[in-house]
>>> print(open('query-v8.cif').read())   # mmCIF, C-alpha atoms
data_structure
loop_
_atom_site.label_atom_id
_atom_site.label_comp_id
_atom_site.auth_asym_id
_atom_site.auth_seq_id
_atom_site.Cartn_x
_atom_site.Cartn_y
_atom_site.Cartn_z
CA MET J 3 191.10 178.48 -52.99
CA SER J 4 190.44 180.69 -50.00
CA LEU J 5 187.52 180.28 -47.63
CA SER J 6 186.07 183.56 -48.89
CA LEU J 7 186.10 182.29 -52.50
CA TYR J 8 184.69 178.95 -51.38
CA PHE J 9 181.77 180.66 -49.64
CA GLN J 10 181.15 183.18 -52.45
CA THR J 11 180.14 180.26 -54.65
CA LYS J 12 178.24 178.05 -52.19
CA HIS J 13 175.71 178.28 -49.41
CA LEU J 14 173.56 175.96 -47.25
CA HIS J 15 176.63 173.86 -46.38
CA ASP J 16 177.36 172.83 -42.80
CA ALA J 17 180.49 173.53 -40.77
CA ILE J 18 181.48 172.10 -37.40
CA LEU J 19 184.41 172.28 -35.04
CA GLN J 20 186.15 168.87 -34.97
CA GLY J 21 188.45 168.43 -32.00
CA ASP J 22 190.07 171.64 -30.82
CA ASP J 23 191.61 172.87 -34.03
CA LEU J 24 189.73 171.85 -37.20
CA ILE J 25 186.66 173.14 -38.97
CA VAL J 26 185.05 170.52 -41.20
CA ILE J 27 182.78 171.87 -43.97
CA PHE J 28 180.63 169.60 -46.15
CA GLY J 29 178.39 170.06 -49.17
CA GLY J 30 176.28 173.02 -50.13
CA VAL J 31 174.69 174.41 -53.25
CA ASP J 32 175.62 177.17 -55.70
CA ARG J 33 173.42 179.78 -57.39
CA GLN J 34 172.72 177.43 -60.31
CA GLN J 35 171.31 174.87 -57.81
CA GLU J 36 174.25 172.49 -58.29
CA HIS J 37 174.79 170.52 -55.08
CA PHE J 38 178.16 169.37 -53.78
CA ASN J 39 179.55 166.59 -51.60
CA ASP J 40 183.06 167.96 -51.16
CA LEU J 41 184.79 168.16 -47.82
CA LEU J 42 186.85 171.20 -46.87
CA VAL J 43 188.98 171.24 -43.72
CA ALA J 44 190.26 174.49 -42.23
CA SER J 45 192.89 174.92 -39.53
CA VAL J 46 195.55 177.37 -38.40
CA VAL J 47 199.18 176.55 -39.25
CA ASP J 48 201.98 178.97 -38.31
CA GLY J 49 199.46 181.74 -37.70
CA LYS J 50 197.78 181.39 -41.13
CA VAL J 51 194.48 179.80 -41.98
CA THR J 52 194.97 176.73 -44.12
CA THR J 53 192.22 175.05 -46.05
CA ARG J 54 192.33 171.76 -47.83
CA LEU J 55 189.90 169.84 -49.94
CA THR J 56 190.00 166.33 -48.60
CA GLU J 57 189.28 163.34 -50.80
CA CYS J 58 187.01 160.86 -49.10
CA SER J 59 186.66 157.13 -49.52
CA GLY J 60 183.92 154.74 -48.45
CA ASP J 61 180.23 155.50 -48.83
CA VAL J 62 180.45 159.22 -49.61
CA PRO J 63 177.08 160.99 -49.11
CA ASN J 64 175.21 162.21 -52.17
CA PRO J 65 175.58 165.93 -52.96
CA ARG J 66 173.26 167.94 -50.73
CA SER J 67 172.55 171.18 -48.91
CA GLY J 68 170.60 172.02 -45.77
CA HIS J 69 171.99 168.99 -43.91
CA SER J 70 173.37 168.95 -40.38
CA MET J 71 176.58 167.62 -38.83
CA VAL J 72 177.79 167.05 -35.29
CA SER J 73 181.11 165.91 -33.83
CA TYR J 74 181.35 162.80 -31.62
CA GLY J 75 184.92 161.95 -30.62
CA PRO J 76 186.92 161.35 -33.82
CA TYR J 77 183.69 160.97 -35.81
CA VAL J 78 181.39 163.38 -37.62
CA PHE J 79 177.73 162.44 -38.00
CA LEU J 80 175.86 163.84 -41.02
CA PHE J 81 172.07 163.72 -41.31
CA GLY J 82 169.50 164.74 -43.91
CA GLY J 83 169.59 167.52 -46.47
CA ILE J 84 168.12 168.15 -49.88
CA ASP J 85 169.09 168.18 -53.56
CA PHE J 86 166.67 170.53 -55.33
CA ILE J 87 167.57 169.41 -58.88
CA GLU J 88 167.20 165.70 -58.08
CA GLU J 89 164.10 166.47 -55.97
CA ALA J 90 165.60 164.32 -53.22
CA VAL J 91 165.10 164.94 -49.51
CA TYR J 92 167.33 162.77 -47.33
CA ASN J 93 166.71 161.03 -44.01
CA ASP J 94 169.99 159.13 -44.00
CA ILE J 95 172.90 159.14 -41.56
CA TYR J 96 176.59 158.97 -42.44
CA ILE J 97 179.65 158.83 -40.21
CA LEU J 98 182.98 160.38 -41.19
CA ASP J 99 186.00 158.83 -39.47
CA THR J 100 188.59 161.57 -38.90
CA SER J 101 190.86 159.48 -36.67
CA LYS J 102 193.56 159.15 -39.33
CA LEU J 103 194.09 162.93 -39.60
CA ASN J 104 197.81 162.93 -38.85
CA ALA J 105 198.53 160.59 -41.76
CA TYR J 106 197.38 163.30 -44.17
CA HIS J 107 199.41 166.24 -42.92
CA SER J 108 202.54 164.68 -44.43
CA HIS J 109 200.82 164.21 -47.79
CA ALA J 110 199.58 167.78 -48.21
CA VAL J 111 200.70 169.77 -51.22
CA PRO J 112 200.76 173.54 -50.41
CA ILE J 113 199.53 176.12 -52.91
CA LEU J 114 199.94 179.75 -51.80
CA THR J 115 197.27 182.34 -52.63
CA ASN J 116 197.47 185.82 -51.06
CA SER J 117 197.53 185.32 -47.29
CA TRP J 118 195.93 181.88 -47.52
CA VAL J 119 197.68 178.54 -47.76
CA TYR J 120 195.55 176.06 -49.65
CA LEU J 121 196.45 172.42 -49.15
CA TYR J 122 195.26 169.69 -51.47
CA VAL J 123 195.40 166.49 -49.50
CA VAL J 124 196.40 163.26 -51.17
CA GLY J 125 194.72 160.52 -49.20
CA SER J 126 191.30 160.28 -47.68
CA TRP J 127 189.13 160.13 -44.63
CA THR J 128 186.47 157.44 -44.69
CA TRP J 129 182.70 157.87 -44.81
CA GLY J 130 180.42 155.09 -43.61
CA TYR J 131 176.72 154.78 -44.40
CA VAL J 132 174.65 154.11 -41.28
CA GLY J 133 171.36 153.97 -43.13
CA GLU J 134 167.76 154.82 -42.58
CA GLY J 135 166.91 151.96 -40.19
CA GLY J 136 164.98 152.11 -36.95
CA HIS J 137 162.12 154.54 -36.47
CA GLU J 138 161.17 156.16 -39.77
CA VAL J 139 162.26 159.80 -39.68
CA ILE J 140 160.90 162.22 -42.25
CA GLY J 141 163.56 163.41 -44.71
CA ARG J 142 164.35 167.05 -44.05
CA ASN J 143 166.61 170.01 -44.57
CA SER J 144 167.34 173.15 -42.53
CA HIS J 145 167.07 171.28 -39.22
CA THR J 146 169.33 171.16 -36.18
CA MET J 147 171.28 168.22 -34.79
CA SER J 148 173.02 167.97 -31.42
CA ILE J 149 174.30 165.42 -28.96
CA LEU J 150 172.99 165.47 -25.40
CA LYS J 151 174.89 163.63 -22.71
CA ASP J 152 174.97 162.79 -19.07
CA GLN J 153 177.70 160.90 -17.25
CA GLU J 154 176.91 157.59 -18.94
CA HIS J 155 174.78 158.17 -22.04
CA HIS J 156 174.93 160.09 -25.31
CA VAL J 157 171.83 160.81 -27.39
CA LEU J 158 171.71 162.14 -30.96
CA VAL J 159 168.89 164.68 -31.29
CA VAL J 160 167.41 166.04 -34.56
CA SER J 161 164.84 168.80 -34.38
CA GLY J 162 162.68 170.75 -36.81
CA GLY J 163 163.50 171.53 -40.40
CA ALA J 164 161.29 171.22 -43.44
CA SER J 165 160.53 169.05 -46.42
CA PRO J 166 158.75 169.87 -49.68
CA GLU J 167 156.19 167.11 -49.03
CA HIS J 168 155.46 167.85 -45.36
CA GLY J 169 156.27 171.56 -45.05
CA PRO J 170 157.70 172.85 -41.75
CA LEU J 171 158.44 170.04 -39.29
CA ARG J 172 157.87 170.60 -35.59
CA ASP J 173 159.13 167.28 -34.33
CA THR J 174 162.17 166.23 -32.34
CA VAL J 175 163.59 162.74 -32.76
CA TYR J 176 166.44 161.11 -30.90
CA ALA J 177 168.57 157.99 -30.92
CA PRO J 178 170.87 156.65 -28.21
CA LEU J 179 174.52 156.48 -29.29
CA PRO J 180 177.00 153.74 -28.44
CA PRO J 181 180.21 154.72 -26.65
CA VAL J 182 182.72 156.30 -29.07
CA ASP J 183 185.11 153.35 -28.81
CA GLU J 184 182.38 150.94 -29.99
CA ILE J 185 181.64 152.75 -33.26
CA GLY J 186 182.87 150.85 -36.31
CA LYS J 187 183.27 147.52 -34.53
CA ASN J 188 180.19 145.97 -36.15
#
>>> encode(input="query-v8.cif", output="structure tokens")
Amino acid sequence: MSLSLYFQTKHLHDAILQGDDLIVIFGGVDRQQEHFNDLLVASVVDGKVTTRLTECSGDVPNPRSGHSMVSYGPYVFLFGGIDFIEEAVYNDIYILDTSKLNAYHSHAVPILTNSWVYLYVVGSWTWGYVGEGGHEVIGRNSHTMSILKDQEHHVLVVSGGASPEHGPLRDTVYAPLPPVDEIGKN
């Protein structure tokens, strides 16, 4: 599978730069309104773009589109989204732990297609469900998410978006983040 084929069949996914050399792409929806929760990772190896579908373990998010993701150290935060068929709008947060990346390079099985190298990875990164706790945030899709920081603090910020029940949302919500090295210790 090439990235162009992948994107000809899906839209409303999210893609982020993870570290200096990976693009992590999650979810999306096709023209028949089928939603996905697959994870595609793209990188450059020997001057060629490589893509690999990565199996995930843990609490894998439900299929969705219109969600947002942001990178925080070796972690990827995912928030919100929608599944039109299930009529579900999400206000949940998941964390993907990408710290075990190197373990999967040695387990990749290459499949050549044109100028692309497609790698199917045997193994998995781990998703963790953070939940919906704290201040109640309206479920939404098509919003933005970022991390603001100063020298000592990091804050996760979600802004805007929409939901079928509430229409366009003009709010901005935020949550302080623990230091990267404290994530997953609880």
>>> residues_near_point(input="query-v8.cif", point="(179.0, 164.6, -51.9)", cutoff="7 Å", atoms="all atoms listed in the file", output="PyMOL selection string")
chain J and resi 29+38-40+62-66
>>> axis_aligned_box(input="query-v8.cif", around="segment 148-165 of chain J", padding_each_side="3 Å", output="AutoDock Vina command-line options")
--center_x 169.1 --center_y 164.6 --center_z -31.8 --size_x 23.2 --size_y 19.9 --size_z 35.2
>>> atom_distance(input="query-v8.cif", atom1="atom CA of Leu42 of chain J", atom2="atom CA of Lys12 of chain J")
12.2 Å
>>> resolve_selection(input="query-v8.cif", expression="the PyMOL selection byres ((chain J and resi 144-152) around 7)", output="ChimeraX atom specification")
/J:68-72,142-143,153-164
>>> closest_residue(input="query-v8.cif", among="J:Gly141, J:Gly130, J:Ile185, J:Asp16", to="Gly82 of chain J", atoms="all atoms listed in the file")
J:Gly141
>>> atom_distance(input="query-v8.cif", atom1="atom CA of Glu88 of chain J", atom2="atom CA of Ile25 of chain J")
28.3 Å
>>> closest_residue(input="query-v8.cif", among="J:Leu179, J:Ile84, J:Leu171, J:Cys58", to="Gln35 of chain J", atoms="only C-alpha atoms")
J:Ile84
>>> closest_residue(input="query-v8.cif", among="J:Ala17, J:Val91, J:Ala44, J:Val182", to="Ser165 of chain J", atoms="all atoms listed in the file")
J:Val91
>>> resolve_selection(input="query-v8.cif", expression="the PyMOL selection byres ((chain J and resi 94-96) around 6)", output="list in words")
Phe79, Leu80, Phe81, Gly82, Tyr92, Asn93, Ile97, Gly130, Tyr131, Val132, Gly133 and Glu134 of chain J
>>> write_last_selection(input="query-v8.cif", atoms="C-alpha atoms", output="short mmCIF file (atom, residue, chain, number, x, y, z; two decimals), in the frame of the given file")
data_model
loop_
_atom_site.label_atom_id
_atom_site.label_comp_id
_atom_site.auth_asym_id
_atom_site.auth_seq_id
_atom_site.Cartn_x
_atom_site.Cartn_y
_atom_site.Cartn_z
CA PHE J 79 177.73 162.44 -38.00
CA LEU J 80 175.86 163.84 -41.02
CA PHE J 81 172.07 163.72 -41.31
CA GLY J 82 169.50 164.74 -43.91
CA TYR J 92 167.33 162.77 -47.33
CA ASN J 93 166.71 161.03 -44.01
CA ILE J 97 179.65 158.83 -40.21
CA GLY J 130 180.42 155.09 -43.61
CA TYR J 131 176.72 154.78 -44.40
CA VAL J 132 174.65 154.11 -41.28
CA GLY J 133 171.36 153.97 -43.13
CA GLU J 134 167.76 154.82 -42.58
#
>>> residues_around(input="query-v8.cif", residues="Asp22 of chain J", least_positions_apart="3", cutoff="12 Å", atoms="only C-alpha atoms", output="mmCIF file with C-alpha atoms, keeping the file's coordinate frame")
data_model
loop_
_atom_site.group_PDB
_atom_site.id
_atom_site.type_symbol
_atom_site.label_atom_id
_atom_site.label_comp_id
_atom_site.auth_asym_id
_atom_site.auth_seq_id
_atom_site.Cartn_x
_atom_site.Cartn_y
_atom_site.Cartn_z
ATOM 1 C CA ILE J 18 181.480 172.100 -37.400
ATOM 2 C CA LEU J 19 184.410 172.280 -35.040
ATOM 3 C CA ILE J 25 186.660 173.140 -38.970
ATOM 4 C CA VAL J 26 185.050 170.520 -41.200
ATOM 5 C CA ALA J 44 190.260 174.490 -42.230
ATOM 6 C CA SER J 45 192.890 174.920 -39.530
ATOM 7 C CA VAL J 46 195.550 177.370 -38.400
ATOM 8 C CA SER J 73 181.110 165.910 -33.830
ATOM 9 C CA GLY J 75 184.920 161.950 -30.620
ATOM 10 C CA PRO J 76 186.920 161.350 -33.820
#
>>> atom_distance(input="query-v8.cif", atom1="atom CA of His137 of chain J", atom2="atom CA of Glu167 of chain J")
18.7 Å
>>> build_atoms(input="query-v8.cif", residues="segment 18-29 of chain J", atoms="all heavy atoms", output="mmCIF file, in the coordinates of the input")
data_model
loop_
_atom_site.group_PDB
_atom_site.id
_atom_site.type_symbol
_atom_site.label_atom_id
_atom_site.label_comp_id
_atom_site.auth_asym_id
_atom_site.auth_seq_id
_atom_site.Cartn_x
_atom_site.Cartn_y
_atom_site.Cartn_z
ATOM 1 N N ILE J 18 181.400 172.416 -38.819
ATOM 2 C CA ILE J 18 181.480 172.100 -37.400
ATOM 3 C C ILE J 18 182.922 172.173 -36.934
ATOM 4 O O ILE J 18 183.852 172.034 -37.732
ATOM 5 C CB ILE J 18 180.920 170.700 -37.085
ATOM 6 C CG1 ILE J 18 181.734 169.624 -37.801
ATOM 7 C CG2 ILE J 18 179.459 170.601 -37.420
ATOM 8 C CD1 ILE J 18 181.648 168.283 -37.150
ATOM 9 N N LEU J 19 183.100 172.358 -35.648
ATOM 10 C CA LEU J 19 184.410 172.280 -35.040
ATOM 11 C C LEU J 19 184.671 170.814 -34.713
ATOM 12 O O LEU J 19 183.874 170.172 -34.029
ATOM 13 C CB LEU J 19 184.458 173.124 -33.757
ATOM 14 C CG LEU J 19 185.783 173.133 -33.006
ATOM 15 C CD1 LEU J 19 186.887 173.758 -33.861
ATOM 16 C CD2 LEU J 19 185.632 173.880 -31.688
ATOM 17 N N GLN J 20 185.771 170.270 -35.225
ATOM 18 C CA GLN J 20 186.150 168.870 -34.970
ATOM 19 C C GLN J 20 187.409 168.889 -34.127
ATOM 20 O O GLN J 20 188.437 169.407 -34.563
ATOM 21 C CB GLN J 20 186.369 168.125 -36.291
ATOM 22 C CG GLN J 20 186.819 166.700 -36.135
ATOM 23 C CD GLN J 20 185.805 165.820 -35.415
ATOM 24 O OE1 GLN J 20 184.698 166.228 -35.130
ATOM 25 N NE2 GLN J 20 186.200 164.626 -35.088
ATOM 26 N N GLY J 21 187.326 168.334 -32.918
ATOM 27 C CA GLY J 21 188.450 168.430 -32.000
ATOM 28 C C GLY J 21 188.592 169.872 -31.555
ATOM 29 O O GLY J 21 187.619 170.625 -31.480
ATOM 30 N N ASP J 22 189.823 170.278 -31.276
ATOM 31 C CA ASP J 22 190.070 171.640 -30.820
ATOM 32 C C ASP J 22 190.542 172.576 -31.913
ATOM 33 O O ASP J 22 190.599 173.784 -31.709
ATOM 34 C CB ASP J 22 191.142 171.639 -29.716
ATOM 35 C CG ASP J 22 190.652 170.961 -28.459
ATOM 36 O OD1 ASP J 22 189.429 170.984 -28.217
ATOM 37 O OD2 ASP J 22 191.487 170.409 -27.736
ATOM 38 N N ASP J 23 190.892 172.025 -33.082
ATOM 39 C CA ASP J 23 191.610 172.870 -34.030
ATOM 40 C C ASP J 23 191.226 172.710 -35.496
ATOM 41 O O ASP J 23 191.918 173.226 -36.360
ATOM 42 C CB ASP J 23 193.113 172.623 -33.891
ATOM 43 C CG ASP J 23 193.476 171.156 -34.126
ATOM 44 O OD1 ASP J 23 192.576 170.323 -34.259
ATOM 45 O OD2 ASP J 23 194.681 170.871 -34.174
ATOM 46 N N LEU J 24 190.139 172.019 -35.803
ATOM 47 C CA LEU J 24 189.730 171.850 -37.200
ATOM 48 C C LEU J 24 188.295 172.288 -37.399
ATOM 49 O O LEU J 24 187.435 172.040 -36.552
ATOM 50 C CB LEU J 24 189.830 170.381 -37.623
ATOM 51 C CG LEU J 24 191.192 169.733 -37.642
ATOM 52 C CD1 LEU J 24 191.047 168.270 -38.017
ATOM 53 C CD2 LEU J 24 192.105 170.444 -38.603
ATOM 54 N N ILE J 25 188.034 172.896 -38.532
ATOM 55 C CA ILE J 25 186.660 173.140 -38.970
ATOM 56 C C ILE J 25 186.437 172.250 -40.177
ATOM 57 O O ILE J 25 187.206 172.285 -41.146
ATOM 58 C CB ILE J 25 186.427 174.619 -39.323
ATOM 59 C CG1 ILE J 25 186.610 175.485 -38.077
ATOM 60 C CG2 ILE J 25 185.025 174.799 -39.911
ATOM 61 C CD1 ILE J 25 186.510 176.965 -38.342
ATOM 62 N N VAL J 26 185.399 171.427 -40.111
ATOM 63 C CA VAL J 26 185.050 170.520 -41.200
ATOM 64 C C VAL J 26 183.800 171.075 -41.872
ATOM 65 O O VAL J 26 182.791 171.331 -41.210
ATOM 66 C CB VAL J 26 184.795 169.088 -40.672
ATOM 67 C CG1 VAL J 26 184.330 168.168 -41.786
ATOM 68 C CG2 VAL J 26 186.052 168.537 -40.006
ATOM 69 N N ILE J 27 183.875 171.270 -43.188
ATOM 70 C CA ILE J 27 182.780 171.870 -43.970
ATOM 71 C C ILE J 27 182.390 170.894 -45.067
ATOM 72 O O ILE J 27 183.243 170.424 -45.825
ATOM 73 C CB ILE J 27 183.242 173.205 -44.589
ATOM 74 C CG1 ILE J 27 183.781 174.131 -43.495
ATOM 75 C CG2 ILE J 27 182.099 173.858 -45.362
ATOM 76 C CD1 ILE J 27 184.658 175.240 -44.010
ATOM 77 N N PHE J 28 181.095 170.574 -45.156
ATOM 78 C CA PHE J 28 180.630 169.600 -46.150
ATOM 79 C C PHE J 28 179.490 170.167 -46.969
ATOM 80 O O PHE J 28 178.588 170.823 -46.448
ATOM 81 C CB PHE J 28 180.157 168.315 -45.462
ATOM 82 C CG PHE J 28 179.624 167.300 -46.434
ATOM 83 C CD1 PHE J 28 180.488 166.446 -47.088
ATOM 84 C CD2 PHE J 28 178.275 167.232 -46.713
ATOM 85 C CE1 PHE J 28 180.019 165.522 -47.998
ATOM 86 C CE2 PHE J 28 177.786 166.310 -47.628
ATOM 87 C CZ PHE J 28 178.659 165.453 -48.266
ATOM 88 N N GLY J 29 179.523 169.847 -48.277
ATOM 89 C CA GLY J 29 178.390 170.060 -49.170
ATOM 90 C C GLY J 29 178.046 171.498 -49.442
ATOM 91 O O GLY J 29 178.865 172.399 -49.361
#
